[in-house]
$ cat start.txt   # compact mmCIF, C-alpha atoms
# COMPACT_ATOMS: atom_id res chain seq x y z
CA PRO A 579 0.00 0.00 0.00
CA LEU A 580 1.83 3.03 -1.30
CA LEU A 581 0.00 5.78 0.60
CA PRO A 582 0.16 4.42 4.16
CA ALA A 583 3.67 3.10 3.70
CA ARG A 584 5.22 6.25 2.27
CA SER A 585 3.46 8.60 4.69
CA GLY A 586 4.08 6.40 7.71
CA GLY A 587 0.34 6.53 8.23
CA ASP A 588 0.00 3.33 10.23
CA ALA A 589 -0.59 4.57 13.79
CA ASP A 590 1.09 1.62 15.55
CA PHE A 591 4.12 1.89 13.30
CA LEU A 592 4.49 5.64 13.93
CA ASP A 593 4.19 5.16 17.69
CA ALA A 594 6.88 2.51 17.58
CA LEU A 595 9.14 4.55 15.29
CA CYS A 596 8.97 7.61 17.56
CA ALA A 597 9.80 5.47 20.59
CA GLU A 598 12.77 3.88 18.83
CA LEU A 599 14.12 7.20 17.57
CA HIS A 600 13.93 8.73 21.03
CA ALA A 601 15.55 5.65 22.55
CA ALA A 602 18.39 5.88 20.01
CA VAL A 603 19.01 9.51 20.93
CA SER A 604 18.89 8.78 24.66
CA SER A 605 21.43 5.97 24.25
CA GLY A 606 23.80 8.22 22.32
CA SER A 607 23.73 6.13 19.14
CA PHE A 608 22.56 9.11 17.08
CA GLY A 609 25.94 10.74 17.58
CA ASP A 610 26.42 14.49 17.42
CA GLY A 611 27.40 15.14 13.83
CA ALA A 612 25.74 16.47 10.72
CA SER A 613 23.57 13.37 10.44
CA PRO A 614 22.86 10.15 12.39
CA PRO A 615 24.61 6.94 11.26
CA PRO A 616 22.62 4.97 8.65
CA THR A 617 22.94 1.84 10.79
CA THR A 618 21.17 3.63 13.65
CA LEU A 619 18.30 4.63 11.40
CA GLN A 620 17.98 1.14 9.96
CA ARG A 621 17.94 -0.39 13.42
CA ALA A 622 15.25 2.05 14.58
CA LEU A 623 13.16 1.22 11.50
CA ASP A 624 13.58 -2.54 11.92
CA LEU A 625 12.63 -2.42 15.60
CA ALA A 626 9.62 -0.20 14.86
CA ILE A 627 8.37 -2.60 12.18
CA THR A 628 8.80 -5.52 14.55
CA ARG A 629 7.08 -3.77 17.44
CA ALA A 630 4.16 -2.72 15.26
CA ASP A 631 3.92 -6.20 13.71
CA ARG A 632 3.82 -4.62 10.28
CA ALA A 633 5.43 -7.50 8.39
CA ALA A 634 2.44 -9.80 8.66
CA GLU A 635 1.53 -11.00 5.20
CA GLY A 636 0.74 -9.98 1.64
CA GLU A 637 1.24 -6.38 0.54
CA GLU A 638 2.10 -5.11 4.02
CA ALA A 639 4.95 -7.58 4.37
CA GLU A 640 6.32 -6.59 0.98
CA CYS A 641 6.18 -2.88 1.82
CA ALA A 642 7.77 -3.41 5.24
CA ALA A 643 10.70 -5.24 3.68
CA ASP A 644 11.30 -2.43 1.17
CA LEU A 645 10.96 0.57 3.51
CA GLN A 646 14.05 2.69 4.06
CA LEU A 647 14.59 5.37 6.70
CA VAL A 648 17.19 7.86 5.51
CA TRP A 649 18.52 11.25 6.56
CA VAL A 650 18.24 13.77 3.71
CA SER A 651 18.88 17.04 5.53
CA PRO A 652 21.47 19.28 3.82
CA SER A 653 25.00 19.03 5.19
CA GLY A 654 25.50 21.05 8.33
CA SER A 655 21.84 21.20 9.36
CA GLY A 656 21.50 17.74 10.83
CA TRP A 657 21.42 16.26 14.30
CA ARG A 658 23.27 18.09 17.05
CA THR A 659 22.37 17.32 20.67
CA ALA A 660 19.87 15.38 22.74
CA ASP A 661 18.25 18.71 23.64
CA ALA A 662 16.84 18.76 20.13
CA LEU A 663 14.44 15.99 21.20
CA HIS A 664 12.26 18.74 22.61
CA ARG A 665 12.18 20.63 19.31
CA VAL A 666 9.21 19.94 17.08
CA ASP A 667 11.50 19.86 14.02
CA ALA A 668 14.10 17.52 15.53
CA PHE A 669 13.58 14.74 12.99
CA ASP A 670 12.75 16.85 9.94
CA GLY A 671 15.86 15.51 8.22
CA LEU A 672 14.27 12.07 7.95
CA SER A 673 12.60 10.55 4.94
CA LEU A 674 10.67 7.28 4.81
CA ALA A 675 11.40 5.89 1.38
CA LEU A 676 9.64 3.15 -0.53
CA PRO A 677 10.81 2.45 -4.09
CA LEU A 678 8.12 2.92 -6.71
CA PRO A 679 7.15 -0.06 -8.85
CA ARG A 680 8.72 0.32 -12.29
CA ALA A 681 5.30 0.58 -13.92
CA LEU A 682 4.58 3.76 -11.92
CA HIS A 683 7.80 5.59 -12.76
CA GLY A 684 6.91 8.84 -14.50
CA VAL A 685 3.25 8.45 -13.56
CA LEU A 686 3.13 9.32 -9.86
CA ASP A 687 4.84 12.25 -8.17
CA VAL A 688 5.46 11.12 -4.59
CA ALA A 689 7.39 14.13 -3.28
CA ALA A 690 4.40 15.23 -1.20
CA TYR A 691 4.49 12.01 0.81
CA ARG A 692 7.48 13.24 2.80
CA ALA A 693 5.56 16.28 4.06
CA VAL A 694 2.77 14.01 5.28
CA PHE A 695 5.27 11.69 6.96
CA LEU A 696 7.03 14.53 8.78
CA PHE A 697 3.71 15.98 9.96
CA SER A 698 2.67 12.53 11.21
CA LEU A 699 6.00 12.10 13.00
CA ARG A 700 5.68 15.49 14.71
CA LEU A 701 2.15 14.71 15.86
CA LYS A 702 3.08 11.29 17.20
CA ARG A 703 6.09 12.70 19.06
CA ALA A 704 3.82 15.22 20.79
CA SER A 705 1.43 12.43 21.77
CA LEU A 706 4.36 10.37 23.05
CA ALA A 707 5.43 13.30 25.25
CA VAL A 708 1.97 13.53 26.83
CA ARG A 709 1.86 9.79 27.50
CA SER A 710 5.34 9.95 29.00
CA LEU A 711 4.23 12.69 31.37
CA TRP A 712 1.21 10.68 32.50
CA SER A 713 3.52 7.82 33.41
CA VAL A 714 5.58 10.21 35.55
CA LEU A 715 2.63 11.91 37.24
CA ARG A 716 0.49 8.86 37.98
CA PRO A 717 -0.56 7.52 40.37
CA ALA A 718 -1.33 10.87 41.96
CA SER A 719 -0.47 9.69 45.47
CA ALA A 720 3.10 8.95 44.39
CA ALA A 721 3.55 11.82 41.93
CA PRO A 722 6.70 13.87 42.62
CA VAL A 723 4.81 17.19 42.29
CA PRO A 724 3.19 19.41 44.95
CA PRO A 725 -0.55 18.48 45.25
CA GLY A 726 -1.94 21.85 44.18
CA ALA A 727 0.27 22.04 41.12
CA LEU A 728 -0.42 18.40 40.31
CA ARG A 729 -4.17 18.98 40.03
CA ARG A 730 -3.71 21.87 37.59
CA LEU A 731 -1.07 19.98 35.64
CA ASN A 732 -3.35 16.96 35.29
CA VAL A 733 -6.19 19.11 33.97
CA HIS A 734 -3.88 20.77 31.45
CA LEU A 735 -2.44 17.43 30.35
CA HIS A 736 -5.95 16.05 29.88
CA LEU A 737 -6.98 18.97 27.63
CA LEU A 738 -3.73 18.91 25.66
CA GLY A 739 -3.98 15.16 25.16
CA GLN A 740 -7.62 15.49 24.12
CA LEU A 741 -6.67 18.08 21.51
CA LEU A 742 -3.84 15.93 20.16
CA ARG A 743 -6.14 12.91 19.91
CA GLY A 744 -8.66 15.02 18.04
CA ILE A 745 -6.04 16.22 15.58
CA GLU A 746 -4.72 12.70 15.16
CA GLY A 747 -8.16 11.21 14.59
CA HIS A 748 -8.87 13.83 11.94
CA THR A 749 -5.58 13.70 10.08
CA LEU A 750 -4.01 10.23 10.42
CA ARG A 751 -6.52 8.18 8.49
CA ALA A 752 -4.13 6.60 6.03
CA ASP A 753 -5.80 3.19 5.96
CA ALA A 754 -9.21 4.69 5.16
CA THR A 755 -7.62 6.99 2.59
CA TRP A 756 -5.88 4.02 0.97
CA VAL A 757 -9.22 2.23 0.61
CA GLU A 758 -10.72 5.36 -0.96
CA LEU A 759 -7.78 5.67 -3.34
CA ARG A 760 -7.98 2.05 -4.46
CA SER A 761 -11.72 2.35 -4.99
CA ALA A 762 -11.42 5.55 -7.02
CA ALA A 763 -8.54 4.18 -9.06
CA SER A 764 -10.43 1.01 -9.96
CA ASP A 765 -13.61 2.96 -10.80
CA VAL A 766 -12.30 5.83 -12.91
CA ALA A 767 -8.60 5.34 -13.67
CA ALA A 768 -8.53 3.78 -17.12
CA SER A 769 -5.18 5.29 -18.15
CA PRO A 770 -1.89 6.38 -16.53
CA THR A 771 -3.04 10.00 -16.77
CA GLN A 772 -6.30 9.26 -14.96
CA LEU A 773 -4.44 7.22 -12.34
CA ARG A 774 -2.13 10.17 -11.72
CA ASP A 775 -5.09 12.54 -11.39
CA VAL A 776 -6.87 10.27 -8.88
CA HIS A 777 -3.69 9.77 -6.87
CA ASP A 778 -2.83 13.48 -6.80
CA SER A 779 -6.38 14.38 -5.78
CA CYS A 780 -6.25 11.91 -2.90
CA LEU A 781 -2.87 13.18 -1.75
CA ARG A 782 -4.09 16.79 -1.88
CA GLU A 783 -6.99 15.84 0.39
CA VAL A 784 -4.58 14.26 2.89
CA SER A 785 -2.43 17.40 2.82
CA ARG A 786 -5.49 19.59 3.29
CA ARG A 787 -6.63 17.64 6.35
CA CYS A 788 -3.17 18.01 7.87
CA GLY A 789 -2.97 21.72 7.05
CA ILE A 790 0.32 21.15 5.27
CA ASP A 791 -0.21 23.63 2.44
CA ASP A 792 -1.58 26.44 4.63
CA LEU A 793 1.49 28.02 6.20
CA GLY A 794 -0.54 29.90 8.81
CA VAL A 795 -2.40 26.81 9.98
CA ARG A 796 0.77 24.72 9.88
CA ALA A 797 2.55 27.22 12.13
CA ILE A 798 -0.29 27.09 14.69
CA VAL A 799 -0.43 23.30 14.70
CA ASP A 800 3.36 23.05 15.01
CA ALA A 801 3.23 25.42 17.98
CA ILE A 802 0.60 23.22 19.66
CA LEU A 803 2.74 20.13 19.10
CA GLY A 804 5.75 22.01 20.40
CA LEU A 805 3.89 22.80 23.63
CA ALA A 806 3.74 19.10 24.49
CA LEU A 807 7.46 18.64 23.90
CA THR A 808 8.30 21.78 25.87
CA LEU A 809 6.13 20.68 28.78
CA GLU A 810 7.88 17.31 28.91
CA ARG A 811 11.26 19.07 29.01
CA ASP A 812 10.20 21.57 31.68
CA VAL A 813 8.69 18.90 33.93
CA HIS A 814 11.84 16.79 33.86
CA ILE A 815 14.04 19.84 34.49
CA LYS A 816 11.87 20.77 37.47
CA LEU A 817 12.01 17.26 38.88
CA ALA A 818 15.79 17.24 38.57
CA GLU A 819 16.05 20.48 40.57
CA ALA A 820 14.66 18.75 43.66
CA PRO A 821 15.46 15.04 43.55
CA HIS A 822 14.16 14.40 47.09
CA PRO A 823 10.36 14.32 47.62
CA ALA A 824 10.58 16.51 50.74
CA GLU A 825 12.15 19.33 48.71
CA ARG A 826 9.39 19.37 46.11
CA CYS A 827 6.79 20.75 48.51
CA THR A 828 8.57 24.11 48.32
CA GLN A 829 8.30 24.29 44.52
CA GLU A 830 4.61 25.15 44.22
CA ALA A 831 5.26 28.56 42.64
CA GLY A 832 7.66 27.16 40.07
CA TRP A 833 5.24 24.44 39.02
CA ARG A 834 2.41 26.96 38.86
CA ALA A 835 4.45 29.14 36.51
CA ILE A 836 4.97 26.21 34.16
CA VAL A 837 1.25 25.39 34.03
CA ASP A 838 0.21 29.05 33.72
CA SER A 839 2.51 29.58 30.76
CA GLN A 840 1.26 26.41 29.05
CA GLN A 841 -2.41 27.28 29.58
CA VAL A 842 -2.05 30.81 28.23
CA GLN A 843 -0.23 29.61 25.12
CA LEU A 844 -2.64 26.75 24.47
CA ALA A 845 -5.67 29.04 24.82
CA ARG A 846 -4.21 31.53 22.34
CA LEU A 847 -3.29 28.83 19.85
CA CYS A 848 -6.72 27.18 20.05
CA GLU A 849 -8.35 30.55 19.53
CA ALA A 850 -6.19 31.25 16.49
CA LEU A 851 -6.81 27.81 14.97
CA GLY A 852 -10.52 28.05 15.77
CA ARG A 853 -10.74 31.30 13.77
CA SER A 854 -9.09 29.70 10.74
CA THR A 855 -10.82 28.02 7.83
CA ALA A 856 -8.92 24.79 8.46
CA SER A 857 -10.86 21.58 8.97
CA LEU A 858 -9.21 21.40 12.39
CA ALA A 859 -10.96 24.59 13.56
CA ALA A 860 -13.87 22.85 15.31
CA ILE A 861 -11.51 20.56 17.24
CA ALA A 862 -9.44 23.51 18.45
CA SER A 863 -12.52 25.53 19.39
CA ALA A 864 -13.84 22.71 21.56
CA THR A 865 -10.58 22.52 23.49
CA GLY A 866 -10.36 26.30 23.76
CA ALA A 867 -13.84 26.45 25.27
CA ALA A 868 -12.75 24.08 28.03
CA LEU A 869 -9.70 26.12 29.01
$ encode --input "start.txt" --output "structure tokens"
Amino acid sequence: PLLPARSGGDADFLDALCAELHAAVSSGSFGDGASPPPTTLQRALDLAITRADRAAEGEEAECAADLQLVWVSPSGSGWRTADALHRVDAFDGLSLALPLPRALHGVLDVAAYRAVFLFSLRLKRASLAVRSLWSVLRPASAAPVPPGALRRLNVHLHLLGQLLRGIEGHTLRADATWVELRSAASDVAASPTQLRDVHDSCLREVSRRCGIDDLGVRAIVDAILGLALTLERDVHIKLAEAPHPAERCTQEAGWRAIVDSQQVQLARLCEALGRSTASLAAIASATGAAL
């Protein structure tokens, strides 16, 4: 399946790939040069495929075997430090490549798939950050955060996670889109030109749902995703400042500042996205109303 494979649209696969990439960075195997070693990327891809159980049978198994994860960022703009994990664009040098069948050479333009893949990767990384924070903050009785701050942080995490799930449910529908593409191609594509038109139309719809071609909407969505990554960083920094539970009771003001900043930014971003003409506007408005 060309569309889900090239865009990384399988949700389980993307979850696994994000986890493996972050684990590779944490272990130091990404290095600190202009680009990560190809062996590191291949290992992350292989482990993600295995974890997601992608190589099951038929077309999926064939696609899984042919997938390649490569770093295509221009020289000098690649990976630098582990701190970049908290940047929304940390993995923008990646490309998920799947060779085109020879019969489709010159028929399909697949350059737009990379934009969909990178959007999907950013979204999944933000969701991973929220899940990681829940694992740190739960159960509440053992959470290493002052009780008052913990309640506000939990509410904020719930709303942020709800928004991310809404965005994900609206945009990452690669399997359904693949079914629609196959149906349209079999119904109306009687020539290579018609096949290209059907394919390009389908890919444009995917890009529209993700807000990829609207620079204003894309900037707002990226800022929302960045909030999750920033919150994960700030929480871990705060925890490291007071490693002993008894010391954390004196940090109420610092924790409150983190939550206040997050809430103000999220409210503004939801308001801005809610005023847009993007298909994500209703999802953002619903979250904004709850803030």
$ residues_near_point --input "start.txt" --point "(10.0, 2.5, 14.2)" --cutoff "8 Å" --atoms "only C-alpha atoms" --output "JSON, numbers by chain"
{"A": [591, 592, 593, 594, 595, 596, 597, 598, 599, 622, 623, 624, 625, 626, 627, 629, 630]}
$ closest_residue --input "start.txt" --among "A:Gln620, A:Ser785, A:Ser857, A:Thr628" --to "A:Arg692" --atoms "all atoms listed in the file"
A:Ser785
$ atom_distance --input "start.txt" --atom1 "atom CA of A:Ser604" --atom2 "atom CA of A:His664"
12.1 Å
$ closest_residue --input "start.txt" --among "A:Ala864, A:Leu647, A:Leu781, A:Val666" --to "A:Leu699" --atoms "only C-alpha atoms"
A:Val666
$ closest_residue --input "start.txt" --among "A:Leu686, A:Leu738, A:Ala601, A:Ala681" --to "A:Leu844" --atoms "all atoms listed in the file"
A:Leu738
$ residues_around --input "start.txt" --residues "A:Arg846" --least-positions-apart "3" --cutoff "12 Å" --atoms "all atoms listed in the file" --output "MDAnalysis selection string"
chainID A and resid 798:799 801:802 805 839:843 849:853 862:863 865:867 869
$ atom_distance --input "start.txt" --atom1 "atom CA of A:Ser779" --atom2 "atom CA of A:Leu645"
24.0 Å
$ atom_distance --input "start.txt" --atom1 "atom CA of A:Ser710" --atom2 "atom CA of A:Phe669"
18.6 Å
$ residues_around --input "start.txt" --residues "A:Leu663" --least-positions-apart "6" --cutoff "8 Å" --atoms "all atoms listed in the file" --output "ChimeraX atom specification"
/A:600,603,807
$ closest_residue --input "start.txt" --among "A:Arg796, A:His736, A:Arg782, A:His748" --to "A:Arg700" --atoms "only C-alpha atoms"
A:Arg796
$ closest_residue --input "start.txt" --among "A:Gln646, A:Thr808, A:Thr618, A:Ser761" --to "A:Val837" --atoms "only C-alpha atoms"
A:Thr808
